[in-house]
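Chemist: Next comes the structure file query-v8.cif, holding mmCIF, C-alpha atoms and all ligand atoms.
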data_target
#
loop_
_atom_site.label_atom_id
_atom_site.label_comp_id
_atom_site.auth_asym_id
_atom_site.auth_seq_id
_atom_site.Cartn_x
_atom_site.Cartn_y
_atom_site.Cartn_z
CA MET A 136 -85.69 -24.57 -35.34
CA SER A 137 -87.30 -21.54 -33.65
CA SER A 138 -85.08 -18.96 -31.98
CA LYS A 139 -85.04 -19.34 -28.21
CA ARG A 140 -83.98 -17.19 -25.30
CA ILE A 141 -81.47 -19.30 -23.42
CA VAL A 142 -79.74 -18.60 -20.11
CA VAL A 143 -76.52 -20.51 -19.47
CA LEU A 144 -74.75 -21.08 -16.14
CA GLY A 145 -71.13 -22.24 -16.26
CA GLY A 146 -70.97 -21.09 -19.88
CA THR A 147 -67.54 -19.47 -19.62
CA GLY A 148 -65.67 -22.80 -19.49
CA PHE A 149 -64.47 -25.27 -22.11
CA VAL A 150 -67.87 -26.79 -22.96
CA GLY A 151 -69.67 -23.45 -22.66
CA ARG A 152 -67.40 -21.71 -25.16
CA HIS A 153 -68.16 -24.33 -27.82
CA LEU A 154 -71.84 -24.64 -26.98
CA ILE A 155 -72.49 -20.90 -26.92
CA SER A 156 -70.79 -20.30 -30.28
CA ARG A 157 -72.96 -22.99 -31.82
CA LEU A 158 -76.20 -21.81 -30.22
CA CYS A 159 -75.54 -18.22 -31.33
CA ALA A 160 -74.80 -19.46 -34.85
CA GLU A 161 -78.18 -21.24 -34.76
CA GLY A 162 -79.83 -17.86 -34.08
CA HIS A 163 -80.67 -18.27 -30.40
CA GLN A 164 -80.40 -15.38 -27.94
CA LEU A 165 -77.95 -16.28 -25.21
CA THR A 166 -77.42 -14.83 -21.76
CA VAL A 167 -74.31 -16.16 -20.08
CA LEU A 168 -74.25 -15.82 -16.30
CA SER A 169 -70.86 -15.66 -14.65
CA ARG A 170 -69.59 -15.10 -11.15
CA ASN A 171 -66.51 -13.44 -12.52
CA LEU A 172 -66.88 -11.94 -15.96
CA ASP A 173 -63.57 -10.07 -15.80
CA ALA A 174 -61.65 -13.34 -15.64
CA HIS A 175 -63.26 -14.49 -18.85
CA LEU A 176 -63.61 -11.21 -20.77
CA VAL A 177 -60.65 -11.69 -23.05
CA ARG A 178 -61.60 -15.21 -23.92
CA PHE A 179 -64.70 -15.14 -26.07
CA LEU A 180 -68.43 -14.62 -26.34
CA PRO A 181 -69.70 -14.28 -29.86
CA PRO A 182 -71.97 -11.47 -31.03
CA GLY A 183 -75.57 -12.26 -30.13
CA SER A 184 -74.68 -13.38 -26.64
CA GLN A 185 -75.16 -11.22 -23.61
CA ARG A 186 -73.03 -11.54 -20.51
CA LEU A 187 -74.42 -10.98 -17.08
CA SER A 188 -72.47 -10.79 -13.87
CA CYS A 189 -74.43 -12.87 -11.35
CA ASP A 190 -73.98 -14.51 -8.00
CA VAL A 191 -75.44 -17.82 -9.10
CA TYR A 192 -75.94 -18.82 -5.45
CA ASP A 193 -78.41 -15.95 -4.97
CA GLY A 194 -81.80 -17.54 -5.76
CA ALA A 195 -83.56 -14.21 -6.29
CA ALA A 196 -80.84 -13.03 -8.71
CA LEU A 197 -81.14 -16.31 -10.60
CA ALA A 198 -84.92 -16.00 -10.88
CA ARG A 199 -84.52 -12.44 -12.21
CA ALA A 200 -81.97 -13.62 -14.77
CA PHE A 201 -84.23 -16.49 -15.87
CA THR A 202 -87.35 -14.32 -16.30
CA GLY A 203 -88.42 -14.33 -19.96
CA ALA A 204 -86.16 -17.24 -20.90
CA ASP A 205 -87.37 -20.32 -22.78
CA VAL A 206 -84.56 -22.59 -21.66
CA VAL A 207 -81.95 -22.75 -18.89
CA ILE A 208 -78.73 -24.69 -19.40
CA ASN A 209 -76.64 -25.53 -16.35
CA LEU A 210 -73.03 -26.43 -17.15
CA VAL A 211 -71.58 -25.71 -13.72
CA GLY A 212 -69.32 -28.41 -12.38
CA ILE A 213 -66.11 -28.61 -10.38
CA LEU A 214 -63.45 -31.31 -10.24
CA ASN A 215 -61.95 -30.08 -7.00
CA GLU A 216 -62.99 -28.22 -3.91
CA SER A 217 -61.02 -26.31 -1.33
CA GLY A 218 -60.70 -28.66 1.65
CA ASN A 219 -61.81 -32.26 1.60
CA SER A 220 -65.18 -32.34 3.35
CA GLY A 221 -67.30 -32.58 0.21
CA GLN A 222 -69.02 -29.30 1.06
CA GLY A 223 -67.55 -27.52 -1.98
CA PHE A 224 -68.85 -30.24 -4.30
CA ARG A 225 -72.25 -30.26 -2.59
CA ARG A 226 -72.54 -26.49 -3.00
CA ALA A 227 -71.55 -26.39 -6.69
CA HIS A 228 -73.50 -29.50 -7.69
CA SER A 229 -76.54 -30.32 -5.54
CA GLU A 230 -77.22 -27.00 -3.76
CA LEU A 231 -76.78 -24.93 -6.90
CA THR A 232 -78.99 -27.34 -8.85
CA TYR A 233 -81.69 -26.93 -6.21
CA LEU A 234 -81.42 -23.13 -6.56
CA VAL A 235 -81.59 -23.43 -10.36
CA THR A 236 -84.71 -25.62 -10.33
CA SER A 237 -86.42 -23.32 -7.79
CA ALA A 238 -85.52 -20.24 -9.83
CA CYS A 239 -86.84 -21.91 -13.00
CA ARG A 240 -90.16 -22.52 -11.25
CA GLU A 241 -90.30 -18.97 -9.93
CA ALA A 242 -89.46 -17.45 -13.33
CA GLY A 243 -91.84 -19.76 -15.19
CA VAL A 244 -89.12 -21.53 -17.22
CA LYS A 245 -90.07 -25.15 -17.93
CA ARG A 246 -87.11 -26.41 -19.96
CA LEU A 247 -83.83 -27.27 -18.25
CA LEU A 248 -80.78 -28.91 -19.84
CA HIS A 249 -78.41 -30.14 -17.15
CA MET A 250 -74.81 -31.24 -17.53
CA SER A 251 -73.85 -34.08 -15.23
CA ALA A 252 -71.22 -36.80 -15.68
CA LEU A 253 -71.00 -40.53 -16.37
CA ASN A 254 -71.24 -42.57 -13.17
CA ALA A 255 -73.13 -39.81 -11.33
CA GLY A 256 -74.21 -41.20 -7.96
CA ARG A 257 -71.81 -44.16 -8.12
CA GLY A 258 -68.48 -44.82 -6.42
CA GLN A 259 -66.94 -43.22 -3.38
CA SER A 260 -65.91 -39.74 -4.51
CA HIS A 261 -67.63 -36.55 -3.39
CA TYR A 262 -67.58 -35.51 -7.05
CA LEU A 263 -69.69 -38.43 -8.27
CA HIS A 264 -71.83 -38.58 -5.15
CA THR A 265 -72.92 -34.93 -5.41
CA ARG A 266 -73.43 -35.31 -9.17
CA GLY A 267 -75.95 -38.01 -8.24
CA GLU A 268 -77.58 -35.78 -5.62
CA ALA A 269 -78.00 -33.05 -8.24
CA GLU A 270 -79.67 -35.50 -10.63
CA THR A 271 -82.09 -36.54 -7.88
CA VAL A 272 -83.01 -32.87 -7.36
CA ILE A 273 -83.63 -32.43 -11.10
CA LYS A 274 -85.76 -35.57 -11.41
CA ALA A 275 -87.97 -34.42 -8.53
CA SER A 276 -88.41 -30.94 -10.02
CA HIS A 277 -91.43 -31.35 -12.35
CA LEU A 278 -89.52 -29.35 -14.97
CA ASP A 279 -89.02 -30.53 -18.56
CA TRP A 280 -85.47 -31.64 -17.88
CA THR A 281 -82.83 -33.46 -19.90
CA ILE A 282 -79.65 -34.70 -18.24
CA PHE A 283 -76.37 -35.33 -20.08
CA GLN A 284 -73.70 -37.61 -18.67
CA PRO A 285 -70.44 -37.34 -20.63
CA SER A 286 -67.26 -39.35 -20.24
CA VAL A 287 -64.15 -37.15 -20.57
CA ILE A 288 -64.54 -34.62 -23.37
CA PHE A 289 -61.82 -33.90 -25.93
CA GLY A 290 -61.53 -30.98 -28.31
CA PRO A 291 -59.62 -27.74 -28.90
CA ASP A 292 -58.34 -26.34 -25.56
CA ASP A 293 -59.73 -29.25 -23.54
CA GLY A 294 -58.56 -30.27 -20.09
CA LEU A 295 -57.56 -33.74 -21.26
CA LEU A 296 -55.18 -33.84 -24.24
CA THR A 297 -53.90 -30.32 -23.59
CA ARG A 298 -53.31 -30.96 -19.89
CA PHE A 299 -51.36 -34.18 -20.35
CA ARG A 300 -49.41 -32.72 -23.27
CA GLU A 301 -48.27 -29.88 -20.99
CA LEU A 302 -47.34 -32.32 -18.20
CA LEU A 303 -45.38 -34.48 -20.65
CA ARG A 304 -43.62 -31.42 -22.00
CA LEU A 305 -42.23 -30.76 -18.52
CA THR A 306 -40.93 -34.18 -17.55
CA PRO A 307 -39.23 -37.24 -19.09
CA VAL A 308 -40.96 -39.53 -16.54
CA LEU A 309 -44.63 -39.25 -15.64
CA PRO A 310 -45.80 -41.33 -12.65
CA LEU A 311 -49.50 -41.99 -13.14
CA ALA A 312 -52.10 -42.89 -10.50
CA ARG A 313 -55.06 -45.08 -11.54
CA ALA A 314 -53.32 -45.68 -14.86
CA GLU A 315 -55.65 -48.59 -15.76
CA CYS A 316 -58.84 -46.52 -15.41
CA LYS A 317 -60.74 -46.59 -18.69
CA PHE A 318 -62.41 -43.76 -20.56
CA ALA A 319 -64.51 -43.46 -23.70
CA PRO A 320 -63.54 -39.90 -24.68
CA VAL A 321 -66.31 -37.98 -26.40
CA TYR A 322 -65.74 -35.20 -28.91
CA ILE A 323 -66.84 -31.71 -27.88
CA LYS A 324 -68.71 -31.18 -31.17
CA ASP A 325 -70.77 -34.32 -30.48
CA VAL A 326 -71.57 -33.09 -26.97
CA VAL A 327 -72.65 -29.73 -28.37
CA GLU A 328 -74.74 -31.46 -31.05
CA ALA A 329 -76.50 -33.46 -28.33
CA PHE A 330 -77.51 -30.27 -26.51
CA VAL A 331 -78.66 -28.63 -29.76
CA ARG A 332 -80.81 -31.64 -30.73
CA ALA A 333 -82.34 -31.86 -27.28
CA LEU A 334 -83.43 -28.20 -27.29
CA ASP A 335 -86.35 -28.70 -29.64
CA ASN A 336 -87.10 -32.38 -29.28
CA PRO A 337 -89.92 -33.24 -26.83
CA ALA A 338 -88.80 -36.90 -26.86
CA THR A 339 -85.69 -35.86 -24.91
CA VAL A 340 -87.72 -34.50 -21.97
CA ARG A 341 -87.16 -36.45 -18.73
CA GLN A 342 -84.38 -38.44 -20.38
CA VAL A 343 -80.79 -39.08 -19.31
CA TYR A 344 -78.20 -39.36 -22.11
CA GLU A 345 -74.83 -40.96 -21.58
CA LEU A 346 -72.38 -39.29 -23.96
CA TYR A 347 -69.31 -41.32 -24.80
CA GLY A 348 -67.09 -42.01 -27.77
CA PRO A 349 -66.64 -45.23 -29.74
CA GLU A 350 -63.12 -45.96 -28.44
CA VAL A 351 -62.30 -47.14 -24.93
CA ILE A 352 -58.79 -46.34 -23.76
CA SER A 353 -56.98 -46.60 -20.44
CA LEU A 354 -55.41 -43.52 -18.92
CA LYS A 355 -51.96 -45.07 -19.35
CA LYS A 356 -52.49 -45.76 -23.06
CA LEU A 357 -53.96 -42.32 -23.64
CA VAL A 358 -50.98 -40.56 -22.06
CA ARG A 359 -48.53 -42.75 -23.98
CA ARG A 360 -50.41 -41.99 -27.20
CA ILE A 361 -50.13 -38.25 -26.54
CA ALA A 362 -46.35 -38.57 -26.06
CA GLN A 363 -46.14 -40.62 -29.26
CA VAL A 364 -48.14 -38.10 -31.29
CA MET A 365 -45.90 -35.30 -30.00
CA GLY A 366 -42.83 -37.35 -30.95
CA TRP A 367 -41.50 -37.28 -27.39
CA LYS A 368 -39.72 -40.15 -25.67
CA ARG A 369 -41.39 -40.34 -22.27
CA LEU A 370 -41.67 -42.97 -19.56
CA VAL A 371 -45.27 -43.21 -18.35
CA LEU A 372 -45.07 -45.08 -15.07
CA PRO A 373 -48.25 -46.62 -13.60
CA LEU A 374 -48.24 -46.26 -9.81
CA PRO A 375 -49.56 -48.88 -7.41
CA ASP A 376 -52.60 -47.55 -5.54
CA ALA A 377 -50.73 -46.80 -2.30
CA LEU A 378 -48.28 -44.57 -4.18
CA GLY A 379 -51.07 -43.11 -6.34
CA TRP A 380 -52.91 -42.10 -3.16
CA MET A 381 -49.75 -40.42 -1.87
CA GLN A 382 -49.31 -38.62 -5.18
CA ALA A 383 -52.89 -37.34 -4.84
CA MET A 384 -52.22 -36.14 -1.27
CA LEU A 385 -49.09 -34.28 -2.35
CA ALA A 386 -50.77 -32.77 -5.42
CA GLU A 387 -53.40 -31.21 -3.17
CA TRP A 388 -50.69 -28.85 -1.92
CA ILE A 389 -49.86 -27.62 -5.41
CA PRO A 390 -51.66 -24.36 -6.29
CA GLY A 391 -54.71 -25.13 -8.43
CA LYS A 392 -54.86 -28.67 -6.99
CA PRO A 393 -54.08 -30.48 -10.24
CA PHE A 394 -54.94 -33.88 -8.68
CA SER A 395 -56.61 -34.85 -5.43
CA ARG A 396 -57.72 -37.79 -3.32
CA ASP A 397 -61.24 -37.17 -4.55
CA ASN A 398 -60.05 -37.44 -8.17
CA PHE A 399 -58.26 -40.64 -7.16
CA ARG A 400 -61.55 -42.02 -5.79
CA SER A 401 -63.45 -41.00 -8.93
CA LEU A 402 -60.91 -42.85 -11.07
CA ALA A 403 -61.79 -46.11 -9.30
CA THR A 404 -64.82 -46.28 -11.61
CA ASP A 405 -64.24 -46.63 -15.37
CA SER A 406 -65.86 -43.79 -17.32
CA VAL A 407 -67.20 -45.89 -20.20
CA GLY A 408 -71.02 -45.82 -20.22
CA GLY A 409 -73.52 -48.48 -21.24
CA ILE A 410 -76.40 -47.00 -23.24
CA ASP A 411 -75.17 -44.92 -26.14
CA GLY A 412 -76.87 -41.53 -25.78
CA LEU A 413 -75.30 -40.10 -28.94
CA HIS A 414 -76.82 -42.85 -31.08
CA ARG A 415 -80.16 -42.37 -29.32
CA LEU A 416 -79.98 -38.75 -30.52
CA GLY A 417 -79.00 -39.77 -34.06
CA ILE A 418 -75.39 -38.62 -33.71
CA THR A 419 -72.48 -40.74 -34.95
CA PRO A 420 -69.76 -40.48 -32.28
CA THR A 421 -66.36 -39.20 -33.42
CA PRO A 422 -63.40 -41.45 -32.54
CA LEU A 423 -60.56 -39.85 -30.59
CA SER A 424 -58.06 -41.48 -32.96
CA SER A 425 -59.48 -39.50 -35.90
CA ARG A 426 -58.81 -36.15 -34.20
CA ILE A 427 -55.93 -36.57 -31.76
CA GLU A 428 -53.07 -35.66 -34.11
CA ARG A 429 -54.77 -32.55 -35.43
CA LEU A 430 -55.82 -31.40 -31.95
CA LEU A 431 -52.41 -31.88 -30.39
CA GLY A 432 -50.67 -30.40 -33.42
CA SER A 433 -52.76 -27.25 -33.53
CA ALA A 434 -52.61 -26.84 -29.76
CA ASP A 435 -48.84 -27.18 -29.93
CA SER A 436 -48.47 -24.55 -32.62
CA ARG A 437 -50.66 -22.23 -30.56
CA GLN A 438 -48.40 -22.88 -27.55
CA LYS A 439 -45.29 -22.19 -29.64
CA ARG A 440 -46.76 -18.90 -30.89
CA LEU A 441 -47.58 -17.96 -27.29
CA ASP A 442 -44.03 -18.88 -26.13
CA ARG A 443 -42.53 -16.76 -28.94
CA TYR A 444 -44.79 -13.85 -27.99
CA ARG A 445 -43.78 -14.14 -24.31
CA ARG A 446 -40.08 -14.18 -25.27
CA GLN A 447 -40.59 -11.01 -27.32
CA LEU A 448 -42.14 -9.31 -24.30
CA GLN A 449 -39.17 -10.14 -22.04
N1 LIG B 501 -64.65 -31.32 -19.66
C1 LIG B 501 -64.91 -32.61 -19.44
O1 LIG B 501 -64.15 -33.51 -19.85
C2 LIG B 501 -66.16 -32.99 -18.72
C3 LIG B 501 -66.47 -34.36 -18.53
C4 LIG B 501 -67.63 -34.71 -17.86
C5 LIG B 501 -68.47 -33.71 -17.35
N2 LIG B 501 -68.15 -32.41 -17.54
C6 LIG B 501 -69.02 -31.39 -16.99
O2 LIG B 501 -69.39 -30.45 -17.99
C7 LIG B 501 -69.54 -29.15 -17.41
C8 LIG B 501 -68.69 -28.16 -18.17
O3 LIG B 501 -67.36 -28.62 -18.14
P1 LIG B 501 -66.16 -27.66 -18.53
O4 LIG B 501 -65.01 -28.54 -18.86
O5 LIG B 501 -66.63 -26.63 -19.50
O6 LIG B 501 -65.90 -26.97 -17.12
P2 LIG B 501 -65.06 -25.63 -16.84
O7 LIG B 501 -64.24 -25.27 -18.03
O8 LIG B 501 -64.38 -25.82 -15.54
O9 LIG B 501 -66.21 -24.53 -16.68
C9 LIG B 501 -67.21 -24.61 -15.74
C10 LIG B 501 -67.76 -23.22 -15.44
O10 LIG B 501 -68.50 -23.33 -14.23
C11 LIG B 501 -68.35 -22.15 -13.44
N3 LIG B 501 -67.92 -22.54 -12.10
C12 LIG B 501 -66.72 -23.09 -11.74
N4 LIG B 501 -66.70 -23.33 -10.42
C13 LIG B 501 -67.89 -22.92 -9.93
C14 LIG B 501 -68.47 -22.89 -8.65
N5 LIG B 501 -67.81 -23.33 -7.58
N6 LIG B 501 -69.72 -22.40 -8.52
C15 LIG B 501 -70.40 -21.93 -9.59
N7 LIG B 501 -69.91 -21.92 -10.84
C16 LIG B 501 -68.67 -22.41 -11.00
C17 LIG B 501 -67.29 -21.28 -14.10
O11 LIG B 501 -67.97 -20.13 -14.62
P3 LIG B 501 -67.77 -18.64 -14.01
O12 LIG B 501 -66.40 -18.56 -13.40
O13 LIG B 501 -67.92 -17.76 -15.19
O14 LIG B 501 -68.87 -18.46 -13.02
C18 LIG B 501 -66.71 -22.16 -15.21
O15 LIG B 501 -66.47 -21.43 -16.38
C19 LIG B 501 -69.16 -29.30 -15.94
O16 LIG B 501 -70.33 -29.53 -15.21
C20 LIG B 501 -68.29 -30.54 -15.95
O17 LIG B 501 -68.24 -31.19 -14.70
C21 LIG B 501 -67.03 -32.02 -18.20
#
Translate the structure of the given file into C-alpha cells.
Ligand SMILES: NC(=O)c1ccc[n+]([C@@H]2O[C@H](COP(=O)([O-])OP(=O)(O)OC[C@H]3O[C@@H](n4cnc5c(N)ncnc54)[C@H](OP(=O)(O)O)[C@@H]3O)[C@@H](O)[C@H]2O)c1

Modeler:
Amino acid sequence: MSSKRIVVLGGTGFVGRHLISRLCAEGHQLTVLSRNLDAHLVRFLPPGSQRLSCDVYDGAALARAFTGADVVINLVGILNESGNSGQGFRRAHSELTYLVTSACREAGVKRLLHMSALNAGRGQSHYLHTRGEAETVIKASHLDWTIFQPSVIFGPDDGLLTRFRELLRLTPVLPLARAECKFAPVYIKDVVEAFVRALDNPATVRQVYELYGPEVISLKKLVRRIAQVMGWKRLVLPLPDALGWMQAMLAEWIPGKPFSRDNFRSLATDSVGGIDGLHRLGITPTPLSSRIERLLGSADSRQKRLDRYRRQLQ
C-alpha cells in the first residue's frame, strides 16, 4: 500500500484515536484537524501524525488544510446538540459535510471517506435525519466517496460498555428507556480495518458499507450482561415509553446531556443493518461476546488505578 497524505476531521475522538494509530503504523502521513487541540493534547497522537488547530466550519481554512492531501476522512458526529431544534445536528452533520466536499473540490482532493451511521435518513430523530442529509450531500459531490454506516462500536474506552459500566457502578437499579432496542455491536478494530481497506481499493468508491457485528442484542440484555461480567447484582428496569420519554427530558438537564429526547427517538429504530459491509470488504466480524470480558476487565483495572491515584492526590 502506498503512503498517503491523509487529513482527518473528528480524529480526536474514540474512533479517531484507533484509526489514526493504525494509519500511522501503516506509514501514512496524518494531519488531524481539531477545534480544540488543548482538550485532547494529553490523550494521544502517535509520532508521524501532525495536529492542526482549525475551525472546521471555516471553508477557506478547510481548503488550506486539505491542499496537498490525497485523502480526507470525516469522522465528525454528535449524539446531542444544545437545544432541541435540530440546528446543532444540521450544522455538525449536513452543513459541515457540505463545507468538507466544497473544500475537497477547491483543494483538488478526490478521495473522501465519510463516517455516517446505520439508519441514516430513517426514523424521526434529528440525529438520523441529518446523517441522511449529509449522505445526500456526499452522493451529489462528484468526489470518489465511500460512506461507512456503523451500528454501535465497542472497544477499549468506548462510549458503550464503559458508559454503562460506570452507570451500573453508581446505582443498584438502572431504569432503562427503549430497553428492547436492538444493536449489532461492531468491534472498533473491524471498523478501522474497513477504513484501511477502502483507502486503496477503487471498488469501494461510491459505495456505502453497513458495519455491524455478528451478534444482535437488545439494550436491556447488553446492560444486564455488563453487570453480570462485572459480578454486580443490579436491577435493570425497562421503562414503558411514556416514562422513558420523561427520563430523556430530565436527563437533558444533566450537564453533558447523557440522554435526550432525540436519543429516545433514534432508539425507536433497531441498529442492526441488512447488507454486511464487513464481509463485502473481506473482514470477518468480531463477536462482542468474544471481547466483552477482557474489555470490561481491563477498563475496570484502569479505573481502579485512576481511583487509587486520585486518592493519593487528596
Ligand atoms: N462510537 C460509536 O459507537 C459510533 C456509532 C455509529 C457512528 N459513529 C460515528 O463515528 C464518528 C466517530 O465517533 P466517535 O465515537 O469517535 O465520536 P467522538 O469520540 O465523539 O469524536 C468525534 C470528534 O468530532 C469532533 N466534534 C465533536 N463535536 C463537533 C462539532 N459540533 N463540530 C465539529 N466537530 C465536532 C471532536 O473533535 P475536536 O473536538 O477535536 O474538534 C470529536 O473528537 C462520529 O461521526 C459518530 O457519530 C460512532

Chemist: Counting all atoms listed in the file, what residues are within 8 Å of ligand LIG 501 (chain B), given as an MDAnalysis selection string?

Modeler: chainID A and resid 144:152 168:172 174:175 191:192 209:214 216 223:224 226:227 231 250:253 284:289 293:295

Chemist: For a test of reading the model, state the distance in Å between CA of Leu430 in chain A and CA of Ala333 in chain A, rounded to one decimal.

Modeler: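 Answer for the CA of Leu430 in chain A to CA of Ala333 in chain A separation: 26.9 Å.
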
Chemist: I'd like the interatomic distance between CA of Arg332 in chain A and CA of Gly194 in chain A, to a tenth of an Å.

Modeler: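 Separation of CA of Arg332 in chain A and CA of Gly194 in chain A: 28.7 Å.
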
Chemist: For Gln259 in chain A, list every protein, DNA or RNA residue within 10 Å, evaluated using only C-alpha atoms, and leave out those in the same chain fewer than 3 positions away; present the list as a PyMOL selection string.

Modeler: chain A and resi 256+262-264+397+399-404

Chemist: May I ask for the distance between CA of Glu328 in chain A and CA of Ser188 in chain A, given in Å to one decimal place?

Modeler: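 That distance, rounded to one decimal, is 27.0 Å.
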
Chemist: With distances taken over all atoms listed in the file, which of A:Val235, A:Gln222, A:Val331, A:Gly432 is nearest to Asp190 in chain A?

Modeler: A:Val235

Chemist: Counting all atoms listed in the file, which residues sit no farther than 7 Å from the position (-76.1, -44.4, -19.5) in the file's frame? I'd like them as a list in words.

Modeler: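 Using all atoms listed in the file, the matching residues come out as Tyr344, Glu345, Gly408, Gly409, Ile410, Asp411 and Gly412 of chain A.
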
Chemist: Return the single residue from A:Val272, A:Ile323, A:Ala383, A:Leu154 that is closest to Asp292 in chain A, with distances computed using only C-alpha atoms.

Modeler: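 Nearest to Asp292 in chain A: A:Ile323.
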
Chemist: Taking all atoms listed in the file into account, which of A:Arg225, A:Arg369, A:Arg426, A:His153 comes nearest Arg300 in chain A?

Modeler: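 Smallest distance to Arg300 in chain A is found for A:Arg369.
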
Chemist: Please enclose the listed atoms of range 323-328 of chain A in an axis-aligned box, pad each side by 4 Å, and write out the centre and the three edge lengths in Å, rounded to one decimal, as AutoDock Vina command-line options.

Modeler:
--center_x -70.8 --center_y -32.0 --center_z -29.1 --size_x 15.9 --size_y 12.6 --size_z 12.2

Chemist: Can you tell me, as a list in words, what residues are no more than 12 Å from Leu385 in chain A when counting only C-alpha atoms, ignoring any on the same chain fewer than 6 positions away?

Modeler: Leu378, Gly379, Lys392, Pro393, Phe394, Ser395 and Arg396 of chain A

Chemist: Closest to Leu413 in chain A among A:Val340, A:Met381, A:Ala329, A:Ala362, using all atoms listed in the file?

Modeler: A:Ala329

Chemist: Tell me, as a JSON list (two decimals) with C-alpha atoms, in the coordinates of the input, which residues lie within 6 Å of Glu315 in chain A, counting only C-alpha atoms; anything in the same chain fewer than 2 positions away does not count.

Modeler:
[["chain", "number", "residue", "atom", "x", "y", "z"],
["A", 313, "ARG", "CA", -55.06, -45.08, -11.54],
["A", 353, "SER", "CA", -56.98, -46.60, -20.44],
["A", 354, "LEU", "CA", -55.41, -43.52, -18.92]]
